[in-house]
Every structure is written in structure tokens, then in C-alpha cells.
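Coordinates from target_8.txt are shown below (compact mmCIF, C-alpha atoms).
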# COMPACT_ATOMS: atom_id res chain seq x y z
CA MET N 18 -18.98 -0.43 87.44
CA ASN N 19 -22.47 -0.20 86.08
CA ASP N 20 -21.60 -0.37 82.40
CA THR N 21 -21.36 -3.97 81.23
CA ARG N 22 -19.23 -3.02 78.19
CA PHE N 23 -16.32 -2.91 80.57
CA ASP N 24 -17.35 -5.82 82.74
CA TYR N 25 -14.93 -8.53 81.71
CA TYR N 26 -16.30 -11.06 84.14
CA ALA N 27 -19.74 -10.69 82.61
CA ALA N 28 -18.21 -10.91 79.13
CA LYS N 29 -16.28 -14.01 80.08
CA LYS N 30 -19.37 -15.64 81.55
CA GLN N 31 -21.24 -14.87 78.35
CA ALA N 32 -18.47 -16.39 76.25
CA HIS N 33 -18.63 -19.50 78.40
CA GLU N 34 -22.38 -19.77 77.93
CA HIS N 35 -21.88 -19.47 74.20
CA ALA N 36 -19.49 -22.37 74.31
CA GLU N 37 -22.17 -24.55 75.83
CA HIS N 38 -24.71 -24.24 73.09
CA ASP N 39 -23.76 -25.23 69.64
CA HIS N 40 -25.25 -22.72 67.23
CA GLY N 41 -22.84 -20.49 65.32
CA HIS N 42 -22.39 -16.78 65.93
CA ASP N 43 -21.41 -15.15 62.69
CA ASP N 44 -21.90 -11.66 64.04
CA HIS N 45 -18.74 -11.81 66.13
CA ALA N 46 -15.72 -9.81 65.09
CA PRO N 47 -12.92 -11.89 63.54
CA VAL N 48 -11.04 -13.81 66.19
CA ASN N 49 -8.14 -11.82 67.53
CA GLU N 50 -5.77 -13.80 69.70
CA HIS N 51 -5.58 -10.89 72.13
CA ASP N 52 -9.26 -11.36 72.87
CA ASN N 53 -8.94 -14.97 73.88
CA GLY N 54 -8.87 -15.78 77.55
CA PRO N 55 -9.12 -13.37 80.45
CA PRO N 56 -7.81 -9.81 80.11
CA SER N 57 -4.16 -9.24 80.93
CA GLU N 58 -3.05 -7.36 84.01
CA TYR N 59 -2.18 -4.31 81.87
CA GLU N 60 -5.57 -4.37 80.18
CA LEU N 61 -7.27 -4.39 83.59
CA MET N 62 -5.04 -1.59 84.83
CA SER N 63 -5.75 0.46 81.73
CA ARG N 64 -9.50 -0.12 82.07
CA ALA N 65 -9.43 0.73 85.77
CA MET N 66 -7.48 3.91 85.08
CA GLN N 67 -9.92 4.96 82.39
CA GLU N 68 -12.88 4.37 84.71
CA ILE N 69 -11.29 6.46 87.46
CA LEU N 70 -10.48 9.28 85.04
CA GLU N 71 -14.02 9.17 83.67
CA ALA N 72 -15.49 9.20 87.19
CA LYS N 73 -13.39 12.24 88.05
CA GLY N 74 -14.49 13.97 84.87
CA VAL N 75 -10.94 14.15 83.42
CA VAL N 76 -11.73 12.27 80.20
CA THR N 77 -14.85 10.93 78.58
CA ALA N 78 -15.27 7.58 76.85
CA GLU N 79 -16.02 9.55 73.69
CA GLN N 80 -12.61 11.27 73.85
CA VAL N 81 -10.88 7.92 74.27
CA ARG N 82 -12.80 6.41 71.37
CA ARG N 83 -11.99 9.44 69.22
CA ARG N 84 -8.28 9.15 70.00
CA MET N 85 -8.27 5.50 68.97
CA GLU N 86 -10.01 6.42 65.73
CA GLN N 87 -7.43 9.15 65.23
CA PHE N 88 -4.58 6.62 65.20
CA GLU N 89 -5.67 5.53 61.73
CA GLU N 90 -5.80 9.12 60.50
CA ASP N 91 -2.37 9.90 61.98
CA PHE N 92 -0.86 7.09 59.95
CA PRO N 93 -2.39 6.79 56.49
CA PHE N 94 -0.93 4.35 53.98
CA ARG N 95 1.51 6.36 51.88
CA GLY N 96 4.09 3.74 50.99
CA SER N 97 2.63 3.06 47.55
CA ARG N 98 3.41 6.60 46.38
CA VAL N 99 7.01 6.38 47.53
CA VAL N 100 7.67 2.97 45.99
CA ALA N 101 5.88 3.84 42.73
CA ARG N 102 8.32 6.75 42.41
CA ALA N 103 11.18 4.30 42.90
CA TRP N 104 9.76 2.14 40.09
CA VAL N 105 9.77 5.01 37.58
CA ASP N 106 12.78 7.03 38.74
CA PRO N 107 16.07 5.10 39.00
CA GLU N 108 17.82 7.99 40.76
CA PHE N 109 15.09 8.19 43.39
CA ARG N 110 15.31 4.42 43.79
CA LYS N 111 19.03 4.76 44.57
CA ARG N 112 18.32 7.44 47.14
CA LEU N 113 15.55 5.34 48.71
CA LEU N 114 17.94 2.39 49.04
CA ALA N 115 20.74 4.60 50.41
CA ASP N 116 18.66 6.53 52.97
CA GLY N 117 14.99 5.63 53.14
CA ARG N 118 14.13 8.30 55.66
CA ALA N 119 15.59 11.12 53.55
CA ALA N 120 13.96 9.81 50.36
CA CYS N 121 10.55 9.68 52.07
CA ALA N 122 11.05 13.24 53.35
CA GLU N 123 11.61 14.34 49.72
CA MET N 124 8.07 13.17 49.06
CA GLY N 125 6.70 14.89 52.14
CA VAL N 126 6.48 11.73 54.23
CA GLN N 127 8.05 12.45 57.62
CA LEU N 128 8.88 9.12 59.25
CA GLU N 129 8.52 8.53 62.96
CA SER N 130 11.46 6.14 62.99
CA GLU N 131 15.15 6.97 62.96
CA ARG N 132 16.01 4.96 59.92
CA LEU N 133 14.14 3.26 57.10
CA ILE N 134 15.80 0.44 55.21
CA ALA N 135 14.35 -0.28 51.78
CA VAL N 136 15.07 -3.75 50.40
CA GLU N 137 14.54 -4.75 46.77
CA ASN N 138 12.95 -7.89 45.50
CA THR N 139 14.70 -9.29 42.43
CA PRO N 140 14.30 -12.50 40.40
CA GLU N 141 16.92 -13.96 42.79
CA VAL N 142 15.86 -12.60 46.21
CA HIS N 143 12.50 -12.25 47.95
CA ASN N 144 12.39 -10.08 51.09
CA VAL N 145 9.86 -10.34 53.92
CA ILE N 146 9.57 -8.23 57.08
CA VAL N 147 8.62 -9.23 60.63
CA CYS N 148 9.18 -8.00 64.16
CA THR N 149 9.50 -11.03 66.41
CA LEU N 150 9.83 -9.04 69.64
CA CYS N 151 6.71 -6.90 69.30
CA SER N 152 5.27 -5.40 66.13
CA CYS N 153 7.65 -2.68 64.94
CA TYR N 154 6.31 -1.30 61.69
CA PRO N 155 6.90 1.92 59.67
CA ARG N 156 3.50 3.40 60.55
CA ALA N 157 4.09 6.80 58.99
CA LEU N 158 4.67 5.01 55.69
CA LEU N 159 2.41 1.96 55.82
CA GLY N 160 -0.29 3.02 58.26
CA VAL N 161 -1.56 0.96 61.16
CA PRO N 162 -0.18 -2.60 60.99
CA PRO N 163 -2.61 -5.38 60.08
CA THR N 164 -3.73 -7.78 62.78
CA TRP N 165 -1.86 -10.69 61.20
CA TYR N 166 1.43 -8.75 61.38
CA LYS N 167 1.01 -8.49 65.16
CA SER N 168 -0.17 -12.07 65.60
CA ARG N 169 1.99 -14.54 67.45
CA ASN N 170 1.46 -16.97 64.60
CA TYR N 171 3.07 -14.74 61.96
CA ARG N 172 5.80 -13.40 64.22
CA SER N 173 6.95 -16.78 65.42
CA ARG N 174 6.59 -18.75 62.19
CA VAL N 175 7.83 -16.47 59.43
CA VAL N 176 11.35 -16.54 60.85
CA PHE N 177 11.77 -20.30 60.83
CA GLU N 178 9.41 -21.42 58.06
CA PRO N 179 9.10 -18.34 55.84
CA ARG N 180 8.35 -20.36 52.72
CA ALA N 181 5.39 -22.11 54.35
CA VAL N 182 4.02 -18.80 55.67
CA LEU N 183 4.48 -17.06 52.31
CA LYS N 184 2.67 -19.93 50.63
CA GLU N 185 -0.29 -19.36 52.97
CA PHE N 186 -0.34 -15.78 51.64
CA GLY N 187 -0.41 -17.21 48.09
CA THR N 188 3.28 -16.61 47.45
CA ALA N 189 4.98 -19.86 46.44
CA LEU N 190 8.68 -19.35 45.77
CA PRO N 191 10.95 -21.74 43.87
CA ASP N 192 14.06 -23.05 45.64
CA ASP N 193 16.39 -21.01 43.44
CA VAL N 194 15.00 -17.78 44.91
CA THR N 195 16.67 -16.75 48.18
CA VAL N 196 14.21 -15.94 50.94
CA ARG N 197 15.65 -13.07 52.99
CA VAL N 198 13.78 -12.49 56.26
CA HIS N 199 14.30 -9.21 58.13
CA ASP N 200 13.59 -9.20 61.85
CA SER N 201 12.79 -5.57 62.62
CA ASN N 202 13.90 -6.05 66.21
CA ALA N 203 15.49 -2.72 67.17
CA ASP N 204 15.79 0.78 65.66
CA MET N 205 15.45 0.18 61.92
CA ARG N 206 12.17 0.05 60.05
CA TYR N 207 11.76 -1.68 56.70
CA VAL N 208 9.91 -1.47 53.43
CA VAL N 209 10.08 -3.91 50.52
CA ILE N 210 10.39 -2.61 46.96
CA PRO N 211 8.49 -5.28 45.03
CA MET N 212 9.41 -6.23 41.47
CA ARG N 213 7.56 -4.17 38.90
CA PRO N 214 5.28 -6.54 37.01
CA ALA N 215 5.70 -7.06 33.28
CA GLY N 216 3.10 -5.30 31.17
CA THR N 217 3.21 -2.06 33.15
CA GLU N 218 5.57 -0.22 30.81
CA GLY N 219 4.51 3.38 30.31
CA TRP N 220 2.07 3.36 33.26
CA SER N 221 1.73 6.52 35.30
CA GLU N 222 3.00 6.65 38.87
CA GLU N 223 -0.58 6.88 40.12
CA LYS N 224 -1.61 3.75 38.24
CA LEU N 225 1.50 1.88 39.38
CA ALA N 226 0.82 2.89 42.99
CA GLU N 227 -2.42 0.91 42.86
CA LEU N 228 -0.39 -2.29 42.45
CA LEU N 229 1.64 -1.46 45.55
CA THR N 230 -0.69 -2.68 48.26
CA ARG N 231 0.27 -2.78 51.90
CA ASP N 232 1.04 -6.50 51.84
CA THR N 233 3.41 -6.18 48.87
CA LEU N 234 5.44 -3.63 50.85
CA VAL N 235 5.72 -6.02 53.82
CA GLY N 236 6.80 -8.73 51.40
CA VAL N 237 4.12 -11.37 51.93
CA THR N 238 2.92 -11.10 48.36
CA ALA N 239 4.11 -9.88 44.97
CA SER N 240 2.73 -6.95 42.95
CA ARG N 241 0.44 -8.19 40.23
CA VAL N 242 -1.52 -6.63 37.39
CA ARG N 243 -5.13 -7.44 38.23
CA MET Y 2 -4.54 0.55 74.42
CA MET Y 3 -3.93 4.12 75.46
CA ALA Y 4 -0.35 3.36 76.27
CA SER Y 5 0.78 2.73 72.70
CA GLY Y 6 3.83 4.94 73.15
CA GLN Y 7 3.43 5.98 69.54
CA SER Y 8 3.84 9.70 69.06
CA SER Y 9 2.24 11.51 66.18
CA ALA Y 10 4.27 11.42 62.99
CA SER Y 11 3.05 14.81 61.84
CA GLY Y 12 5.27 17.85 61.98
CA PRO Y 13 8.93 18.24 61.14
CA ALA Y 14 10.02 18.69 64.76
CA PHE Y 15 11.21 15.10 65.10
CA GLN Y 16 14.58 14.93 66.81
CA SER Y 17 16.68 12.10 65.54
CA SER Y 18 18.92 10.46 68.09
CA TYR Y 19 20.89 8.82 65.30
CA THR Y 20 24.53 9.68 64.95
CA PRO Y 21 26.94 8.01 62.59
CA ALA Y 22 29.31 5.54 64.19
CA PRO Y 23 32.86 6.69 63.45
CA GLU Y 24 34.14 4.35 66.15
CA HIS Y 25 33.01 0.80 65.55
CA ARG Y 26 34.49 -2.48 66.58
CA PHE Y 27 33.27 -4.53 63.59
CA ASN Y 28 33.25 -3.98 59.83
CA VAL Y 29 30.95 -5.17 57.06
CA GLY Y 30 31.73 -8.82 56.30
CA ASP Y 31 33.21 -9.59 59.75
CA ARG Y 32 32.08 -12.86 61.29
CA VAL Y 33 30.54 -12.39 64.72
CA ARG Y 34 28.86 -14.46 67.39
CA VAL Y 35 25.86 -13.18 69.31
CA LYS Y 36 26.58 -13.65 73.00
CA ALA Y 37 24.78 -16.63 74.53
CA SER Y 38 23.87 -14.51 77.50
CA PHE Y 39 20.53 -14.40 79.29
CA PRO Y 40 20.46 -11.37 81.58
CA PRO Y 41 17.10 -10.17 82.93
CA GLY Y 42 15.64 -6.88 81.74
CA HIS Y 43 14.60 -5.27 78.47
CA ARG Y 44 16.77 -6.66 75.64
CA ARG Y 45 16.35 -6.21 71.90
CA THR Y 46 18.35 -9.35 71.11
CA PRO Y 47 15.90 -12.17 70.30
CA TYR Y 48 16.44 -15.38 72.26
CA TYR Y 49 16.56 -17.49 69.12
CA ILE Y 50 19.68 -15.76 67.82
CA ARG Y 51 21.78 -15.86 71.00
CA GLY Y 52 24.90 -17.96 70.50
CA LYS Y 53 24.56 -17.95 66.69
CA VAL Y 54 27.29 -16.92 64.25
CA GLY Y 55 26.64 -14.48 61.42
CA GLU Y 56 28.23 -11.80 59.31
CA ILE Y 57 27.98 -8.01 59.60
CA GLU Y 58 25.64 -6.84 56.81
CA ARG Y 59 25.83 -3.10 57.56
CA ILE Y 60 26.59 -0.61 60.30
CA CYS Y 61 23.37 1.21 61.16
CA GLY Y 62 24.83 3.98 63.32
CA THR Y 63 24.87 4.90 67.00
CA PHE Y 64 21.61 4.84 68.91
CA ARG Y 65 20.51 5.42 72.45
CA ASN Y 66 20.73 2.18 74.38
CA PRO Y 67 17.25 0.61 74.53
CA GLU Y 68 18.25 -1.41 77.60
CA GLU Y 69 18.53 1.88 79.49
CA LEU Y 70 15.76 3.79 77.71
CA ALA Y 71 13.28 1.09 78.74
CA TYR Y 72 13.70 2.12 82.37
CA GLY Y 73 13.47 5.86 81.92
CA PHE Y 74 17.19 6.62 81.66
CA ASP Y 75 18.55 8.75 78.83
CA GLY Y 76 20.06 5.82 76.91
CA GLY Y 77 23.58 7.14 77.01
CA PRO Y 78 26.25 6.33 76.17
CA GLY Y 79 25.01 5.45 72.69
CA LYS Y 80 25.61 1.98 71.32
CA VAL Y 81 26.67 1.02 67.80
CA LEU Y 82 23.97 -0.95 66.04
CA TYR Y 83 24.75 -3.49 63.30
CA ARG Y 84 22.64 -5.58 60.96
CA VAL Y 85 23.84 -9.16 61.06
CA ARG Y 86 23.09 -11.80 58.42
CA PHE Y 87 22.67 -15.46 59.40
CA ALA Y 88 22.16 -18.62 57.36
CA GLN Y 89 18.73 -20.03 58.16
CA ARG Y 90 20.08 -23.60 58.37
CA HIS Y 91 22.54 -22.45 61.03
CA VAL Y 92 19.89 -20.61 63.05
CA TRP Y 93 17.38 -23.47 62.84
CA PRO Y 94 19.09 -26.88 62.49
CA GLU Y 95 15.76 -28.32 61.29
CA TYR Y 96 15.21 -25.60 58.68
CA ARG Y 97 13.58 -27.19 55.64
CA GLY Y 98 14.24 -24.52 53.01
CA PRO Y 99 17.32 -24.34 50.74
CA ALA Y 100 20.77 -23.46 52.10
CA ARG Y 101 20.64 -20.06 50.37
CA ASP Y 102 17.88 -18.72 52.67
CA ILE Y 103 18.96 -16.03 55.14
CA ILE Y 104 17.67 -14.03 58.08
CA GLU Y 105 18.95 -10.64 59.15
CA MET Y 106 18.43 -8.58 62.27
CA GLU Y 107 19.79 -5.70 64.30
CA ILE Y 108 22.25 -6.42 67.09
CA TYR Y 109 23.98 -3.93 69.37
CA GLU Y 110 27.76 -4.04 69.57
CA HIS Y 111 27.91 -5.13 73.20
CA TRP Y 112 26.02 -8.29 72.24
CA LEU Y 113 28.60 -9.31 69.62
CA GLU Y 114 31.96 -11.03 69.90
CA PRO Y 115 34.47 -11.66 67.11
CA VAL Y 116 34.73 -15.10 65.50
CA LYS Y 117 38.13 -16.22 64.30
CA GLY Y 118 38.64 -18.81 61.59
CA ASP Y 119 35.92 -21.33 60.73
CA ALA Y 120 34.21 -21.45 64.12

In C-alpha cells, what does this structure look like?
Amino acid sequence: MNDTRFDYYAAKKQAHEHAEHDHGHDDHAPVNEHDNGPPSEYELMSRAMQEILEAKGVVTAEQVRRRMEQFEEDFPFRGSRVVARAWVDPEFRKRLLADGRAACAEMGVQLESERLIAVENTPEVHNVIVCTLCSCYPRALLGVPPTWYKSRNYRSRVVFEPRAVLKEFGTALPDDVTVRVHDSNADMRYVVIPMRPAGTEGWSEEKLAELLTRDTLVGVTASRVR
Amino acid sequence: MMASGQSSASGPAFQSSYTPAPEHRFNVGDRVRVKASFPPGHRRTPYYIRGKVGEIERICGTFRNPEELAYGFDGGPGKVLYRVRFAQRHVWPEYRGPARDIIEMEIYEHWLEPVKGDA
């Protein structure tokens, strides 16, 4: 291998050298826990396979890069449109709660999952979504999941100390609000319908959709008028 | 990174493997215990919930069995999937939030056993 981009041993050695001098490196990408430590066996296998396929002329690095870029385009964030409709149309809201997949299809959003369960936040109940086993996420609705959603920290902690985790996201909940955690551990996918903020009466669906950010639909924060 | 297993969501050709579950052992509101069983292999039942008692929240339908699908089999016969609700203080004896807090997840029928009385 003559391309050091894929030389993990060189990269590791470099990281070690960095550790020995004490100036900061602000140009590094944000720390991702998957990048700590040596590459996993699967990562090495995947890299080795790519190198073989490149050497044989089957794929190019450019094609691989393009496909990764494409993932984001395959799964744009469309959840805000669907939930904004539920805010303004009580009948649509009922249909979304009864069969999320069918309601999304009405709006032209074809989900990749079998079933979508929509859960409503109310003054009494706050819902939050996690997948402890991996990182199941309704990609066709919410796009590519954020790094924190896939992190071990979020996945392990939000199930047993959801209030502490929510507080770290700026969402402090009083004790008289039930925290309802959903572990998306098998075939269902989930979306939270946040509470519609006061002061948004008469707003258009498009304007309301702007309040429905990705994180509000995962349930780590509330919709707010900014 | 290439092996994400995620197919494209575009196009209406998606074949749903979901079928309703006319035959189901448990009903909404039934108290159930997740089996405290630790077999090897691909399981969608989180470790932390094994042995815990909860209540059926809804019946999700019949799905291909992920324990078979994971190894390239067709996933048949289908298994009934439930959502089960648990009290956080029961799941985590050291849980610090109020008693009203709950956690829900999806459990396949063969992982559940009935609970009689106040067990």
C-alpha cells in the first residue's frame, strides 16, 4: 500500500507522536469514538477489500467516495414537513398516530422501514428515542442519524438516566412530566410529535416546519419559537 | 462503511414483510416477563431487559424472525412482535427519576412468558 491515507499504522504512529508534544491541534475533525484506538477487524477487512478491488480496476476510490456522499442525498430530512402537517391537520395527526408509514406515504415520503410509530409529547409526557443495540433510525424521514445518536454514550445512558441526558441537551423536565423512553431495538421506527409552541397560531405549515428540527423529532429537545 | 446494509429508500417497490398477527398469545395490558435467557447468536432482546416484568403496550404485527434473517435464512416462520412497557424503577433498581418514568421496547413473542398475579 503506497497511499498513506489508508495506512492505519502510519496514522496511529502519527497520533502517538501528537500525544507526546503538548500543543493543541484545532484542525482535527470532532472526536468520534469510532476513530479512537486501532481500526476494528471489519474496518481492516473493508479497507483490504477496497484496495484489492481498486487494484483489479473494479472500483475507484472516487466511486466509493461518491457513494458515501450519496447516502446523505438518498435520505434527506423530511420529517419536519410531515409533523408540521400533523400540527395543523387533526385528521392527519390521527392517521399519523394510527399508521405512520401510511401517513408518510400520503405526503410522498416512502419509508424504508416496515412500521413507523409516531409518539406525541404532551404537557404530561415527554418522549425520547434511542436504539441501544445499534443505531436504528427512520432515515427516509429524518435523514442520516447524527453522530451523537450512534454514540455509545447516548445509547447506553439515555435508557437509565434519561433526565440527565436530556438536561445535557438543554431539556430540563419537571418531575410531574413522565419521561417515556423508546428503545428502537427491532422492527419499528419512531418519530416524536413535539408540542406546538404557544404563539404560533395561524402560522403556515412551511413556517411551522422550521421549528421542527431533527433533534425535536428524536425527542432530545422541544420545539421553540426562536 | 460500504457494508451499511441500508438499501435506497427511493421508489415504491418496497416489499413489506409485515403481516397482521391474528394469532397472538398476549393481549394489550397483559403482564409479561422477558425470559432471562442468554443464548448465543443474533438477538434483538437487549440484555438489560432480560428477566424484567412489563406490560404489553401494543401488538406490532408478525415479522420475519431476525434471529434467522441474521444468518441468511428467510426468517420464517414469522414471529409476533409486541411493544412492552416497563417501569424505569423496576428495570434499574438505582433509577433516580420519579416512579412515573417508563421505558418501552419491542420484544418477540418467543422471548415472553406470562406473569400471573403480583409477581

With a cut-off of 6 Å and counting all atoms listed in the file, select all residues of chain Y in contact with chain N and give the selection as a PyMOL selection string. chain Y and resi 10+17+45+101-107

When you look at Arg90 in chain Y with a cut-off of 9 Å (counting only C-alpha atoms), what residues show up, excluding the ones that are within fewer than 2 positions of it in the same chain? I need them as a list in words. Phe87, Ala88, Val92, Trp93, Pro94, Glu95, Tyr96, Arg97, Gly98, Pro99, Ala100, Arg101, Asp102 and Ile103 of chain Y

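Excluding His43 in chain Y itself and any same-chain residue fewer than 6 positions from it, the protein and nucleic acid residues within 10 Å of it, counting only C-alpha atoms, are Pro67, Glu68, Glu69, Leu70, Ala71 and Tyr72 of chain Y.
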
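Minimum atom-to-atom distances from N:Ala115, N:Val75, N:Met124, N:Leu61 to Arg102 in chain N were compared using all atoms listed in the file, and the lowest value belongs to N:Met124.
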
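Each of N:Val100, N:Val182, N:Ala72, N:Leu133 was compared to Thr233 in chain N using only C-alpha atoms, and N:Val100 turns out to be the nearest.
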
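Between Arg65 in chain Y and the residues Y:Leu113, Y:Ile108, Y:Val81, Y:Val29, the shortest atom-to-atom distance, using only C-alpha atoms, involves Y:Val81.
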
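Taking CA of Ala239 in chain N as the reference point, CA of Pro211 in chain N is found at 6.4 Å.
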
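Going from CA of Ser97 in chain N over to CA of Glu218 in chain N, you cover 17.3 Å.
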
12 Å contact set for Glu24 in chain Y, only C-alpha atoms, chain neighbours under 2 positions out, as a list of chain:residue names: Y:Thr20, Y:Pro21, Y:Ala22, Y:Arg26, Y:Phe27, Y:Asn28, Y:Ile60, Y:Gly62, Y:Thr63, Y:Gly79, Y:Lys80, Y:Val81, Y:Leu82, Y:Glu110

Hey, can you spit out that residue selection with C-alpha atoms as a JSON list (two decimals), keeping the file's coordinate frame?
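The result, stored in again-v5.json:
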[["chain", "number", "residue", "atom", "x", "y", "z"],
["Y", 20, "THR", "CA", 24.53, 9.68, 64.95],
["Y", 21, "PRO", "CA", 26.94, 8.01, 62.59],
["Y", 22, "ALA", "CA", 29.31, 5.54, 64.19],
["Y", 26, "ARG", "CA", 34.49, -2.48, 66.58],
["Y", 27, "PHE", "CA", 33.27, -4.53, 63.59],
["Y", 28, "ASN", "CA", 33.25, -3.98, 59.83],
["Y", 60, "ILE", "CA", 26.59, -0.61, 60.30],
["Y", 62, "GLY", "CA", 24.83, 3.98, 63.32],
["Y", 63, "THR", "CA", 24.87, 4.90, 67.00],
["Y", 79, "GLY", "CA", 25.01, 5.45, 72.69],
["Y", 80, "LYS", "CA", 25.61, 1.98, 71.32],
["Y", 81, "VAL", "CA", 26.67, 1.02, 67.80],
["Y", 82, "LEU", "CA", 23.97, -0.95, 66.04],
["Y", 110, "GLU", "CA", 27.76, -4.04, 69.57]]

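The point (29.6, -18.4, 57.7) has these residues within 10 Å of it, counting only C-alpha atoms: Gly30, Asp31, Arg32, Val33, Val54, Gly55, Glu56, Arg86, Phe87, Ala88, His91, Val116, Gly118, Asp119 and Ala120 of chain Y.
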
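The space between CA of Asn138 in chain N and CA of Pro93 in chain N spans 23.9 Å.
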
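Nearest residue to Glu222 in chain N among N:Val237, N:Met62, N:Ile69, N:Ala101 is N:Ala101, counting all atoms listed in the file.
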
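Checking N:Val235, N:Val105, N:Val175, N:Leu183 one by one against Val208 in chain N, counting all atoms listed in the file, you find the shortest gap at N:Val235.
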
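Excluding Trp112 in chain Y itself and any same-chain residue fewer than 3 positions from it, the protein and nucleic acid residues within 9 Å of it, counting all atoms listed in the file, are Y:Arg34, Y:Val35, Y:Lys36, Y:Ala37, Y:Ser38, Y:Thr46, Y:Arg51, Y:Ile108, Y:Tyr109.
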
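Distances here use all atoms listed in the file; by that measure, the residue among N:Thr77, N:Ser168, N:Ser173, N:Thr238 closest to Phe186 in chain N is N:Thr238.
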